[in-house]
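A.B. asks: Let me give you the structure first, and then I'll get to my questions.
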Amino acid sequence: MAAGPWGWGPAVAVLVPVLLALLLGGARRLRRLSVAGGACADLRGRAGGVRALLVTAHPDDEAMFFAPTVLGLGRAGARAAVLCCSAGNYYNQGEIRKKELEQSCLLLGIPASDVTVIDHRDLPDNPSVEWDTQLLADFVLKHIEANNINMVVTFDAGGVSGHANHVSLYAALSNLLPDSLQGVQLLLCVWASDLGGTVKCQGLRYLHSERKLPEGCSVLVLESVSIFRKYISILDVPISYLLSSDALFILTEEETEQAKRAMRCHRSQLLWFRHIYMLFSRYMVINSLRLL
């Protein structure tokens with residue numbers, strides 16, 4: 001006899017929590033395996049020569065979106081710096097937010113001496129303003145050359161949240177790429193082995209051209225994902241693990257708490273929805289990046 005319209009109700013009420021528990025358990029196990037696996041461990045310790053520059057749009061981007069990359073590179077022995085392209089002065093809180101940025105970066109392992117904020121009138125913190133990409137490119141290139149940077153990390157074309165300022169950074173870095181990409185291949189795991197979460201090692205292409213990026217400087221962009229994947233936290237680990245990317249950073253539970261502490265340094269921005277973001281966003285745990 002067929003089940004009535006409510007016949008499946010009790011079964012579903014039991015099965016759904018069980019399936020969610022299995023998914024969560026599997027994601028946690030995969031997370032632990034990726035940490036214990038030590039991908040490309042034979043290259044461990046060779047990341048010391050990497051000088052990475054994280055190019056962000058606003059104070060709090062480094063913790064809200066890029067904490068897995070920053071902590072992962074730091075664990076691997078790379079030296080990271082931050083170039084924040086605005087003071088986040090949309091609500092006239094620029095000076096407060098600069099201090100919060102330094103506090104956050106310190107928790108992520110970046111000293112204040114390696115944190116630079118560009119406070120330029122033509123680069124306002126405004127979600128409706130597309131920044132001058134040539135001006136941005138000039139600032140970024142000067143910083144790269146002055147600090148002997150050999151790896152740059154920033155947003156992709158989607159900007160994770162679609163913020164116009166985030167997208168402008170991608171456009172600016174794209175302007176620094178030569179018309180004809182040249183270079184050699186270097187394994188990503190040179191930089192990212194033994195960092196508590198890198199599970200993929202693929203080739204990075206070095207980019208160089210006259211008056212463009214210096215020879216030996218590579219660019220990685222943070223992948224924007226669907227709204228569904230964005231807010232399933234560690235349940236996105238299996239998906240990110242299976243999908244192709246040039247770099248994948250997954251934080252341990254301890255590192256995730258460290259990332260959240262860094263985010264909490266931005267007290268002026270901790271509205272109610274930011275607490276929900278910290279709880280559910282995969283960007284507090286996972287960063288998948290691709291070569292630009």
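As shown in the structure tokens, the chain order sets the letters A, B, ...; within each chain, residues go from 1, and ligands are also counted from 1 in the order they appear.
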Against region 278-283 of chain A, which residues of region 33-137 of chain A fall within 8 Å? For each one I want the closest pair of atoms and the distance in Å (one decimal), counting only C-alpha atoms, rows by chain and increasing residue number, as JSON lines.
C.D. replies:
```
{"residue": "A:Met64", "atom": "CA", "partner": "A:Tyr283", "partner_atom": "CA", "distance": 6.9}
{"residue": "A:Phe65", "atom": "CA", "partner": "A:Tyr283", "partner_atom": "CA", "distance": 5.2}
{"residue": "A:Phe66", "atom": "CA", "partner": "A:Tyr283", "partner_atom": "CA", "distance": 7.1}
{"residue": "A:Ala67", "atom": "CA", "partner": "A:Tyr283", "partner_atom": "CA", "distance": 7.7}
{"residue": "A:Pro68", "atom": "CA", "partner": "A:Tyr283", "partner_atom": "CA", "distance": 7.4}
```
A.B. asks: Pick out each residue of region 65-118 of chain A that DSSP on the backbone tags as helix (DSSP H, G or I); I need them as JSON, numbers by chain.
C.D. replies: {"A": [67, 68, 69, 70, 71, 72, 73, 74, 75, 76, 94, 95, 96, 97, 98, 99, 100, 101, 102, 103, 104, 105, 106, 107, 112, 113, 114]}
A.B. asks: Which one is closest to Leu141 (chain A): A:Val237, A:Ile276, A:Leu83, A:Leu73? Count only C-alpha atoms.
C.D. replies: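 Between A:Val237, A:Ile276, A:Leu83, A:Leu73, the residue approaching Leu141 (chain A) most closely is A:Leu83.
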A.B. asks: Of the candidates A:Met263, A:Ala157, A:Leu123, A:Leu136, which shows the shortest atom-to-atom distance to Leu176 (chain A), using only C-alpha atoms?
C.D. replies: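 Of the candidates, the smallest distance to Leu176 (chain A) is held by A:Leu136.
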A.B. asks: Compile the contact shell of Glu257 (chain A) as a list of chain:residue names: residues with an atom at most 12 Å away, counting only C-alpha atoms, same-chain residues fewer than 3 positions apart removed.
C.D. replies: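 Contacts, with the query itself left out: A:Ala63, A:Ala67, A:Pro68, A:Leu71, A:Leu107, A:Leu108, A:Leu251, A:Thr252, A:Glu253, A:Glu254, A:Lys260, A:Arg261, A:Ala262, A:Met263, A:Arg264, A:Met278, A:Leu279, A:Met284, A:Val285.
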A.B. asks: Among region 108-288 of chain A, which residues carry a DSSP assignment of strand (DSSP E), reported as an MDAnalysis selection string?
C.D. replies: chainID A and resid 115:117 151:155 185:187 203:205 218:222 247:250 286:288
A.B. asks: Store the residues of this selection in a file with N, CA and C atoms, as a CSV table (one decimal), in the first residue's frame.
C.D. replies:
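Below is the file result.csv, written as the result:
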```
chain,number,residue,atom,x,y,z
A,115,VAL,N,52.6,46.2,6.5
A,115,VAL,CA,51.2,46.5,6.1
A,115,VAL,C,51.2,48.0,5.6
A,116,THR,N,50.7,48.1,4.4
A,116,THR,CA,50.7,49.5,3.7
A,116,THR,C,49.3,49.8,3.3
A,117,VAL,N,48.8,51.0,3.6
A,117,VAL,CA,47.5,51.4,3.3
A,117,VAL,C,47.6,52.6,2.3
A,151,MET,N,55.3,37.0,-5.6
A,151,MET,CA,54.0,36.4,-5.7
A,151,MET,C,53.0,37.4,-5.2
A,152,VAL,N,51.9,37.6,-6.0
A,152,VAL,CA,50.8,38.5,-5.7
A,152,VAL,C,49.5,37.8,-5.6
A,153,VAL,N,48.7,38.1,-4.5
A,153,VAL,CA,47.4,37.4,-4.3
A,153,VAL,C,46.4,38.5,-4.3
A,154,THR,N,45.3,38.3,-5.0
A,154,THR,CA,44.2,39.3,-5.0
A,154,THR,C,42.9,38.6,-5.4
A,155,PHE,N,41.8,39.5,-5.6
A,155,PHE,CA,40.5,38.9,-6.0
A,155,PHE,C,40.5,38.5,-7.4
A,185,GLN,N,57.6,26.9,-15.4
A,185,GLN,CA,56.7,26.3,-14.5
A,185,GLN,C,57.4,26.1,-13.1
A,186,LEU,N,56.7,26.3,-12.1
A,186,LEU,CA,57.2,26.1,-10.8
A,186,LEU,C,56.1,25.5,-9.9
A,187,LEU,N,56.4,24.4,-9.2
A,187,LEU,CA,55.3,23.7,-8.4
A,187,LEU,C,54.9,24.6,-7.3
A,203,GLY,N,51.2,23.5,-11.6
A,203,GLY,CA,52.2,24.5,-12.0
A,203,GLY,C,51.8,25.9,-11.9
A,204,LEU,N,52.7,26.8,-11.5
A,204,LEU,CA,52.4,28.2,-11.6
A,204,LEU,C,53.3,28.8,-12.7
A,205,ARG,N,52.7,29.6,-13.5
A,205,ARG,CA,53.4,30.2,-14.6
A,205,ARG,C,53.9,31.6,-14.2
A,218,SER,N,54.5,36.0,-9.9
A,218,SER,CA,53.3,35.3,-10.3
A,218,SER,C,52.1,35.9,-9.6
A,219,VAL,N,50.9,35.7,-10.2
A,219,VAL,CA,49.7,36.3,-9.6
A,219,VAL,C,48.7,35.1,-9.4
A,220,LEU,N,48.1,35.1,-8.2
A,220,LEU,CA,47.0,34.1,-7.9
A,220,LEU,C,45.8,34.9,-7.5
A,221,VAL,N,44.7,34.5,-8.0
A,221,VAL,CA,43.4,35.2,-7.7
A,221,VAL,C,42.5,34.3,-7.0
A,222,LEU,N,41.8,34.8,-6.0
A,222,LEU,CA,40.9,34.1,-5.1
A,222,LEU,C,39.6,33.8,-5.9
A,247,ALA,N,45.7,26.4,-6.6
A,247,ALA,CA,46.1,26.4,-5.2
A,247,ALA,C,44.9,26.2,-4.3
A,248,LEU,N,45.0,25.4,-3.3
A,248,LEU,CA,43.9,25.2,-2.4
A,248,LEU,C,44.4,25.2,-0.9
A,249,PHE,N,43.9,26.1,-0.1
A,249,PHE,CA,44.3,26.2,1.3
A,249,PHE,C,43.1,25.9,2.1
A,250,ILE,N,43.3,24.9,3.1
A,250,ILE,CA,42.3,24.6,4.0
A,250,ILE,C,42.9,24.7,5.4
A,286,ILE,N,38.4,28.0,3.8
A,286,ILE,CA,38.9,27.5,2.5
A,286,ILE,C,39.2,28.6,1.6
A,287,ASN,N,40.4,28.6,0.9
A,287,ASN,CA,40.7,29.4,-0.2
A,287,ASN,C,41.1,28.6,-1.4
A,288,SER,N,40.4,28.7,-2.5
A,288,SER,CA,40.9,28.1,-3.8
A,288,SER,C,41.2,29.2,-4.7
```
A.B. asks: Taking only C-alpha atoms into account, which of A:Cys85, A:Val50, A:Val160, A:Ile118 comes nearest Lys230 (chain A)?
C.D. replies: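 Distance minimum relative to Lys230 (chain A) lands on A:Val160.
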A.B. asks: Do you know which residues are at most 12 Å from Asp114 (chain A) counting only C-alpha atoms, after dropping those on the same chain fewer than 3 positions away, and could you put them as a list in words?
C.D. replies: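 Surrounding residues, per the criterion: Arg51, Ala52, Leu53, Leu54, Arg79, Ala80, Ala81, Val82, Leu83, Cys84, Leu101, Glu102, Cys105, Leu106, Leu108, Gly109, Ile110, Pro111, Val117, His143, Asn147 and Ile149 of chain A.
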A.B. asks: Excluding Gln93 (chain A) and its own-chain neighbours fewer than 4 positions away, which residues fall within 12 Å of it when counting only C-alpha atoms? Please give them as an MDAnalysis selection string.
C.D. replies: chainID A and resid 58:59 86:89 97:100 125 266:269
